[in-house]
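Read through the structure below, which is laid out as structure tokens, and then see the notes.
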Amino acid sequence: MKPISRVMIALAALSLLVLLFVPIWRIDLAAPQYPEGLFIQIYADHFAGDVEKINGLNHYIGMGTIHDEMFPEFEYLPKVLIALAAFGVLAAIWGKRRGLFAGLITLTLFGLWALYDMYQWGYSYGHDLDPRAAIKVEGQAYQPPLIGHKQLLNFDAWSTPDIGGWVLFVVMGLLAGVYFLELRRKRPAKPLNCMMRMSSFILILALTVLSCTPTEPSIDFGKAECAHCRMNVVDRHYGAALVTEKGRQYVFDDVSCMVHFVAKGTVAEGQVSAWYVCDHSAPGTLIDATTALYLHGPSFRSPMRGDVAAFGGEQTRNAAAAQGNVQMMDWKAVRQLLAE
């Protein structure tokens, strides 16, 4: 291999030693009673974060306590990371492509094993419940998500890589890039192969971006609870919802509740990714609150008396406005009105 490739391999391998000192993974929990959130960080040899608080909550639903001794992996995981780093440095010194390939495969298998081991632990932790628990929900399991978001009772749970996890992914990507560049140097790729590789890269990138895009929320009318006033969300003409940058969804029984919820600072406005309101002319259908058209007047008796109705188009709003004694508004005007 070229000298620059060997240097990059050595640096990537040594970067794995960072995982001995920084958190590799984290699980975040948020609920109305914990607006600031709770979190657990997973290091190579211990847990950190709000472990005791989460143990206290889990006790009521029969989940086991989280402690370092429950993870035998903590005893040998640091040694495995040191061995992987040493393997990478030796592959760089040897300078053969097959050494790099073996290291890449080994690191990939290690990553897959770590994810599988974490899934197995989460499954056991969320399903093996104490039958004497104070709170029992028939058929309910509390397995945390492996990656991404999951609703657990009134808690939103997120499982994401922490600093060490991202370092691991970058190292794997760097080694893969070096390997394919070395292959290309050995055997110049044909134009068609280059196009296929580029297309695959663009497709993977697009799927990644789409998977990280907050999804449109849904409201379980009659069962969902307003995040602001705690009333059930029943009226399909006036429901509202917002989605945060992290993908968490909040639902409301009135657009006034949504405006006050953010004005109060429970969720900072900068953390809001999207605002939604129900289309008054198509009950239960959520539309973009920032582009919707609004009417305000006493004839619209919304649940919390914001008395504002949203419409998805000029035609339906004008038809409703023909009733008289209403004021036409846009999103900015609605927020100013309801924030007072």
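Simple scheme: letters A, B, ... for chains in structure tokens order, numbers from 1 for residues in each chain, numbers from 1 for ligands in the order shown.
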Got a sec to tell me which of segment 43-152 of chain A DSSP assigns to helix (DSSP H, G or I), as a count of residues only? 66
Please list as number ranges by chain every residue within 6 Å of segment 3-9 of chain A, counting only C-alpha atoms and excluding residues in the same chain fewer than 2 positions away. A: 11-12, 92
Within 8 Å of Leu115 of chain A, counting only C-alpha atoms, which residues show up once you throw out same-chain ones fewer than 4 positions away? Write them as a ChimeraX atom specification, please. /A:111,119,146
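Excluding Leu175 of chain A and any residue on its chain fewer than 5 positions from it, the residues at most 10 Å away by only C-alpha atoms are Ser5, Met8, Ile9, Ala10, Ala12, Ala13, Gly88, Leu100, Phe101, Gly103, Leu104, Leu107, Phe169, Val170, Phe180 and Leu181 of chain A.
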Keeping only N, CA, C and O atoms, write those residues as a PDB file, in the first residue's frame.
```pdb
ATOM      1  N   SER A   5      -1.589   5.764   2.762  1.00  0.00           N
ATOM      2  CA  SER A   5      -2.628   4.832   3.185  1.00  0.00           C
ATOM      3  C   SER A   5      -2.249   4.170   4.500  1.00  0.00           C
ATOM      4  O   SER A   5      -3.076   4.009   5.404  1.00  0.00           O
ATOM      5  N   MET A   8      -2.726   6.610   7.361  1.00  0.00           N
ATOM      6  CA  MET A   8      -4.145   6.781   7.685  1.00  0.00           C
ATOM      7  C   MET A   8      -4.676   5.578   8.463  1.00  0.00           C
ATOM      8  O   MET A   8      -5.466   5.719   9.400  1.00  0.00           O
ATOM      9  N   ILE A   9      -4.234   4.385   8.083  1.00  0.00           N
ATOM     10  CA  ILE A   9      -4.664   3.178   8.796  1.00  0.00           C
ATOM     11  C   ILE A   9      -4.170   3.209  10.238  1.00  0.00           C
ATOM     12  O   ILE A   9      -4.907   2.897  11.184  1.00  0.00           O
ATOM     13  N   ALA A  10      -2.915   3.601  10.425  1.00  0.00           N
ATOM     14  CA  ALA A  10      -2.355   3.660  11.781  1.00  0.00           C
ATOM     15  C   ALA A  10      -3.088   4.688  12.635  1.00  0.00           C
ATOM     16  O   ALA A  10      -3.418   4.426  13.804  1.00  0.00           O
ATOM     17  N   ALA A  12      -6.173   5.772  12.195  1.00  0.00           N
ATOM     18  CA  ALA A  12      -7.519   5.266  12.451  1.00  0.00           C
ATOM     19  C   ALA A  12      -7.499   4.227  13.569  1.00  0.00           C
ATOM     20  O   ALA A  12      -8.360   4.233  14.456  1.00  0.00           O
ATOM     21  N   ALA A  13      -6.513   3.350  13.539  1.00  0.00           N
ATOM     22  CA  ALA A  13      -6.417   2.306  14.562  1.00  0.00           C
ATOM     23  C   ALA A  13      -6.172   2.914  15.941  1.00  0.00           C
ATOM     24  O   ALA A  13      -6.804   2.532  16.927  1.00  0.00           O
ATOM     25  N   GLY A  88      -4.701  -2.950  14.025  1.00  0.00           N
ATOM     26  CA  GLY A  88      -4.665  -1.955  12.963  1.00  0.00           C
ATOM     27  C   GLY A  88      -3.280  -1.391  12.736  1.00  0.00           C
ATOM     28  O   GLY A  88      -2.852  -1.189  11.585  1.00  0.00           O
ATOM     29  N   LEU A 100      -5.216  -5.043   5.740  1.00  0.00           N
ATOM     30  CA  LEU A 100      -6.243  -4.019   5.907  1.00  0.00           C
ATOM     31  C   LEU A 100      -7.637  -4.632   5.806  1.00  0.00           C
ATOM     32  O   LEU A 100      -8.535  -4.303   6.606  1.00  0.00           O
ATOM     33  N   PHE A 101      -7.814  -5.525   4.834  1.00  0.00           N
ATOM     34  CA  PHE A 101      -9.120  -6.168   4.658  1.00  0.00           C
ATOM     35  C   PHE A 101      -9.500  -6.982   5.896  1.00  0.00           C
ATOM     36  O   PHE A 101     -10.642  -6.926   6.376  1.00  0.00           O
ATOM     37  N   GLY A 103      -8.470  -6.494   8.935  1.00  0.00           N
ATOM     38  CA  GLY A 103      -8.782  -5.562  10.015  1.00  0.00           C
ATOM     39  C   GLY A 103     -10.159  -4.950   9.870  1.00  0.00           C
ATOM     40  O   GLY A 103     -10.896  -4.792  10.851  1.00  0.00           O
ATOM     41  N   LEU A 104     -10.521  -4.617   8.628  1.00  0.00           N
ATOM     42  CA  LEU A 104     -11.839  -4.031   8.372  1.00  0.00           C
ATOM     43  C   LEU A 104     -12.947  -5.016   8.694  1.00  0.00           C
ATOM     44  O   LEU A 104     -13.957  -4.659   9.313  1.00  0.00           O
ATOM     45  N   LEU A 107     -13.196  -5.423  12.504  1.00  0.00           N
ATOM     46  CA  LEU A 107     -13.838  -4.268  13.137  1.00  0.00           C
ATOM     47  C   LEU A 107     -15.335  -4.260  12.857  1.00  0.00           C
ATOM     48  O   LEU A 107     -16.139  -3.925  13.736  1.00  0.00           O
ATOM     49  N   PHE A 169     -17.619   4.616  14.019  1.00  0.00           N
ATOM     50  CA  PHE A 169     -18.172   4.654  12.667  1.00  0.00           C
ATOM     51  C   PHE A 169     -17.226   5.376  11.697  1.00  0.00           C
ATOM     52  O   PHE A 169     -17.057   4.970  10.547  1.00  0.00           O
ATOM     53  N   VAL A 170     -16.609   6.468  12.171  1.00  0.00           N
ATOM     54  CA  VAL A 170     -15.670   7.200  11.317  1.00  0.00           C
ATOM     55  C   VAL A 170     -14.463   6.343  10.996  1.00  0.00           C
ATOM     56  O   VAL A 170     -13.983   6.322   9.849  1.00  0.00           O
ATOM     57  N   PHE A 180     -10.825   0.697  -0.562  1.00  0.00           N
ATOM     58  CA  PHE A 180     -11.330   0.802  -1.933  1.00  0.00           C
ATOM     59  C   PHE A 180     -10.460   1.697  -2.807  1.00  0.00           C
ATOM     60  O   PHE A 180     -10.333   1.469  -4.013  1.00  0.00           O
ATOM     61  N   LEU A 181      -9.843   2.713  -2.211  1.00  0.00           N
ATOM     62  CA  LEU A 181      -8.911   3.528  -2.986  1.00  0.00           C
ATOM     63  C   LEU A 181      -7.688   2.717  -3.398  1.00  0.00           C
ATOM     64  O   LEU A 181      -7.172   2.874  -4.517  1.00  0.00           O
TER      65      LEU A 181
END
```
Atom CA of Pro78 of chain A and atom CA of Lys96 of chain A, how far apart in Å?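 So the answer is 26.8 Å.
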Looking only at the backbone, which of the residues in segment 37-182 of chain A does DSSP tag as strand (DSSP E), as a list of chain:residue names?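 Assigned to strand (DSSP E), within segment 37-182 of chain A: A:Gly37, A:Leu38, A:Phe39, A:Ile40, A:Gln41, A:Ile42, A:Phe47, A:Ala48, A:Gly49, A:Gly148, A:His149, A:Lys150, A:Gln151, A:Leu152, A:Phe155, A:Asp156, A:Ala157, A:Trp158, A:Ser159, A:Thr160, A:Pro161.
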Can you write just those residues out, C-alpha atoms, as a CSV table (one decimal), in the first residue's frame?
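Wrote part-v7.csv, looks like this:
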```csv
chain,number,residue,atom,x,y,z
A,37,GLY,CA,-34.8,14.7,30.5
A,38,LEU,CA,-32.8,11.7,31.9
A,39,PHE,CA,-29.9,9.9,30.3
A,40,ILE,CA,-27.5,7.0,30.6
A,41,GLN,CA,-24.1,6.9,28.9
A,42,ILE,CA,-22.4,3.6,28.2
A,47,PHE,CA,-22.4,3.4,33.1
A,48,ALA,CA,-22.7,7.1,33.8
A,49,GLY,CA,-25.5,9.6,33.9
A,148,GLY,CA,-33.6,5.7,17.2
A,149,HIS,CA,-36.8,6.6,19.1
A,150,LYS,CA,-39.4,4.5,20.9
A,151,GLN,CA,-42.4,5.4,23.1
A,152,LEU,CA,-42.4,3.6,26.5
A,155,PHE,CA,-41.6,8.4,28.2
A,156,ASP,CA,-39.9,9.0,24.9
A,157,ALA,CA,-36.7,7.0,24.6
A,158,TRP,CA,-33.9,7.7,22.2
A,159,SER,CA,-30.9,5.5,21.7
A,160,THR,CA,-28.0,7.1,19.8
A,161,PRO,CA,-24.2,6.8,19.4
```
Wanna dump the segment 233-258 of chain A-segment 275-297 of chain A contacts at 7 Å for me, each residue with its shortest atom pair and the distance in Å to one decimal, counting only C-alpha atoms, ordered by chain and number, as JSON lines?
```
{"residue": "A:Arg236", "atom": "CA", "partner": "A:Gly284", "partner_atom": "CA", "distance": 4.5}
{"residue": "A:His237", "atom": "CA", "partner": "A:His280", "partner_atom": "CA", "distance": 4.6}
{"residue": "A:Tyr238", "atom": "CA", "partner": "A:Cys278", "partner_atom": "CA", "distance": 5.6}
{"residue": "A:Gly239", "atom": "CA", "partner": "A:Cys278", "partner_atom": "CA", "distance": 5.3}
{"residue": "A:Ala240", "atom": "CA", "partner": "A:Val277", "partner_atom": "CA", "distance": 4.2}
{"residue": "A:Ala241", "atom": "CA", "partner": "A:Tyr276", "partner_atom": "CA", "distance": 5.0}
{"residue": "A:Leu242", "atom": "CA", "partner": "A:Trp275", "partner_atom": "CA", "distance": 4.5}
{"residue": "A:Val243", "atom": "CA", "partner": "A:Trp275", "partner_atom": "CA", "distance": 6.7}
{"residue": "A:Val255", "atom": "CA", "partner": "A:Val277", "partner_atom": "CA", "distance": 6.8}
```
Got time to write the residues from that selection, N, CA, C and O atoms, as a PDB file, in the first residue's frame?
```pdb
ATOM      1  N   ARG A 236     -61.591  16.830  16.481  1.00  0.00           N
ATOM      2  CA  ARG A 236     -60.739  16.698  15.301  1.00  0.00           C
ATOM      3  C   ARG A 236     -60.631  17.991  14.493  1.00  0.00           C
ATOM      4  O   ARG A 236     -59.808  18.086  13.581  1.00  0.00           O
ATOM      5  N   HIS A 237     -61.443  18.980  14.810  1.00  0.00           N
ATOM      6  CA  HIS A 237     -61.386  20.250  14.081  1.00  0.00           C
ATOM      7  C   HIS A 237     -60.251  21.143  14.578  1.00  0.00           C
ATOM      8  O   HIS A 237     -59.790  22.023  13.852  1.00  0.00           O
ATOM      9  N   TYR A 238     -59.812  20.930  15.842  1.00  0.00           N
ATOM     10  CA  TYR A 238     -58.904  21.899  16.455  1.00  0.00           C
ATOM     11  C   TYR A 238     -57.608  21.297  16.991  1.00  0.00           C
ATOM     12  O   TYR A 238     -56.823  21.996  17.623  1.00  0.00           O
ATOM     13  N   GLY A 239     -57.361  20.013  16.785  1.00  0.00           N
ATOM     14  CA  GLY A 239     -56.129  19.405  17.288  1.00  0.00           C
ATOM     15  C   GLY A 239     -54.892  20.035  16.673  1.00  0.00           C
ATOM     16  O   GLY A 239     -54.934  20.644  15.591  1.00  0.00           O
ATOM     17  N   ALA A 240     -53.763  19.909  17.372  1.00  0.00           N
ATOM     18  CA  ALA A 240     -52.500  20.455  16.885  1.00  0.00           C
ATOM     19  C   ALA A 240     -51.361  19.566  17.377  1.00  0.00           C
ATOM     20  O   ALA A 240     -51.538  18.741  18.283  1.00  0.00           O
ATOM     21  N   ALA A 241     -50.206  19.737  16.784  1.00  0.00           N
ATOM     22  CA  ALA A 241     -49.040  18.918  17.167  1.00  0.00           C
ATOM     23  C   ALA A 241     -47.771  19.623  16.734  1.00  0.00           C
ATOM     24  O   ALA A 241     -47.785  20.460  15.824  1.00  0.00           O
ATOM     25  N   LEU A 242     -46.686  19.297  17.402  1.00  0.00           N
ATOM     26  CA  LEU A 242     -45.377  19.772  16.967  1.00  0.00           C
ATOM     27  C   LEU A 242     -44.370  18.638  17.073  1.00  0.00           C
ATOM     28  O   LEU A 242     -44.555  17.685  17.834  1.00  0.00           O
ATOM     29  N   VAL A 243     -43.308  18.752  16.290  1.00  0.00           N
ATOM     30  CA  VAL A 243     -42.228  17.760  16.277  1.00  0.00           C
ATOM     31  C   VAL A 243     -40.928  18.494  16.556  1.00  0.00           C
ATOM     32  O   VAL A 243     -40.653  19.537  15.948  1.00  0.00           O
ATOM     33  N   VAL A 255     -54.839  24.886  19.189  1.00  0.00           N
ATOM     34  CA  VAL A 255     -53.625  25.563  18.752  1.00  0.00           C
ATOM     35  C   VAL A 255     -53.133  26.532  19.811  1.00  0.00           C
ATOM     36  O   VAL A 255     -51.924  26.786  19.933  1.00  0.00           O
TER      37      VAL A 255
END
```
At a cut-off of 10 Å, using only C-alpha atoms, what residues contact Phe71 of chain A? Leave out same-chain residues fewer than 4 positions from it and give the result as an MDAnalysis selection string. chainID A and resid 45:47 66:67 75 121
So that I can check the surroundings of His59 of chain A, please list as a VMD selection string every protein, DNA and RNA residue that reaches within 9 Å of it, counting only C-alpha atoms and ignoring chain neighbours fewer than 4 positions away. chain A and resid 54 to 55 63 to 65 130 133 to 134
Go ahead and dump the residues you just picked, all heavy atoms, as a PDB file, in the first residue's frame.
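The resulting out_37.pdb:
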```pdb
ATOM      1  N   ILE A  54     -33.098   6.631  37.199  1.00  0.00           N
ATOM      2  CA  ILE A  54     -33.785   5.697  36.314  1.00  0.00           C
ATOM      3  C   ILE A  54     -34.055   4.386  37.040  1.00  0.00           C
ATOM      4  O   ILE A  54     -35.122   3.780  36.877  1.00  0.00           O
ATOM      5  CB  ILE A  54     -32.956   5.479  35.031  1.00  0.00           C
ATOM      6  CG1 ILE A  54     -32.920   6.775  34.222  1.00  0.00           C
ATOM      7  CG2 ILE A  54     -33.523   4.339  34.192  1.00  0.00           C
ATOM      8  CD1 ILE A  54     -32.016   6.747  33.020  1.00  0.00           C
ATOM      9  N   ASN A  55     -33.120   3.938  37.862  1.00  0.00           N
ATOM     10  CA  ASN A  55     -33.359   2.731  38.657  1.00  0.00           C
ATOM     11  C   ASN A  55     -34.556   2.913  39.581  1.00  0.00           C
ATOM     12  O   ASN A  55     -35.357   1.985  39.778  1.00  0.00           O
ATOM     13  CB  ASN A  55     -32.116   2.390  39.484  1.00  0.00           C
ATOM     14  CG  ASN A  55     -31.037   1.688  38.669  1.00  0.00           C
ATOM     15  OD1 ASN A  55     -31.329   1.097  37.622  1.00  0.00           O
ATOM     16  ND2 ASN A  55     -29.811   1.763  39.125  1.00  0.00           N
ATOM     17  N   MET A  63     -38.681  -3.504  36.521  1.00  0.00           N
ATOM     18  CA  MET A  63     -37.431  -3.694  35.790  1.00  0.00           C
ATOM     19  C   MET A  63     -36.262  -3.800  36.760  1.00  0.00           C
ATOM     20  O   MET A  63     -36.292  -3.243  37.861  1.00  0.00           O
ATOM     21  CB  MET A  63     -37.208  -2.529  34.817  1.00  0.00           C
ATOM     22  CG  MET A  63     -38.290  -2.409  33.753  1.00  0.00           C
ATOM     23  SD  MET A  63     -38.059  -0.987  32.668  1.00  0.00           S
ATOM     24  CE  MET A  63     -36.649  -1.539  31.699  1.00  0.00           C
ATOM     25  N   GLY A  64     -35.234  -4.527  36.363  1.00  0.00           N
ATOM     26  CA  GLY A  64     -34.066  -4.688  37.206  1.00  0.00           C
ATOM     27  C   GLY A  64     -33.260  -3.414  37.296  1.00  0.00           C
ATOM     28  O   GLY A  64     -33.428  -2.484  36.499  1.00  0.00           O
ATOM     29  N   THR A  65     -32.385  -3.356  38.284  1.00  0.00           N
ATOM     30  CA  THR A  65     -31.524  -2.191  38.434  1.00  0.00           C
ATOM     31  C   THR A  65     -30.363  -2.258  37.448  1.00  0.00           C
ATOM     32  O   THR A  65     -29.914  -3.343  37.066  1.00  0.00           O
ATOM     33  CB  THR A  65     -30.972  -2.092  39.864  1.00  0.00           C
ATOM     34  OG1 THR A  65     -30.265  -3.304  40.161  1.00  0.00           O
ATOM     35  CG2 THR A  65     -32.097  -1.901  40.861  1.00  0.00           C
ATOM     36  N   ASP A 130     -40.395  -8.005  37.247  1.00  0.00           N
ATOM     37  CA  ASP A 130     -40.755  -8.546  38.555  1.00  0.00           C
ATOM     38  C   ASP A 130     -42.286  -8.625  38.652  1.00  0.00           C
ATOM     39  O   ASP A 130     -42.970  -7.601  38.542  1.00  0.00           O
ATOM     40  CB  ASP A 130     -40.205  -7.629  39.647  1.00  0.00           C
ATOM     41  CG  ASP A 130     -40.387  -8.212  41.044  1.00  0.00           C
ATOM     42  OD1 ASP A 130     -41.211  -9.147  41.195  1.00  0.00           O
ATOM     43  OD2 ASP A 130     -39.726  -7.731  41.973  1.00  0.00           O
ATOM     44  N   ALA A 133     -44.251  -6.144  40.906  1.00  0.00           N
ATOM     45  CA  ALA A 133     -44.113  -4.705  40.681  1.00  0.00           C
ATOM     46  C   ALA A 133     -45.389  -3.958  41.043  1.00  0.00           C
ATOM     47  O   ALA A 133     -46.499  -4.479  40.909  1.00  0.00           O
ATOM     48  CB  ALA A 133     -43.762  -4.448  39.218  1.00  0.00           C
ATOM     49  N   ALA A 134     -45.236  -2.717  41.492  1.00  0.00           N
ATOM     50  CA  ALA A 134     -46.386  -1.906  41.908  1.00  0.00           C
ATOM     51  C   ALA A 134     -47.257  -1.529  40.716  1.00  0.00           C
ATOM     52  O   ALA A 134     -48.476  -1.426  40.833  1.00  0.00           O
ATOM     53  CB  ALA A 134     -45.893  -0.647  42.617  1.00  0.00           C
TER      54      ALA A 134
END
```
For Tyr43 of chain A, the nearest of the candidates A:Val80, A:Ile219, A:Ile163, A:Ala86, counting only C-alpha atoms: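 Answer, going by the shortest atom-to-atom distance: A:Ile163.
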Would you compute the distance between atom CA of Asn58 of chain A and atom CA of Arg248 of chain A? Give it in Å to one decimal. 21.4 Å
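If you look at atom CA of Thr266 of chain A and atom CA of Pro303 of chain A, they are 21.0 Å away from each other.
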Hey, which of A:Phe300, A:Tyr76, A:Trp166, A:Phe261 ends up closest to Leu338 of chain A? Count only C-alpha atoms. A:Phe261
Counting only C-alpha atoms, the residue among A:Gly173, A:Pro72, A:Gly270, A:Gly265 that lies closest to Glu245 of chain A is A:Gly270
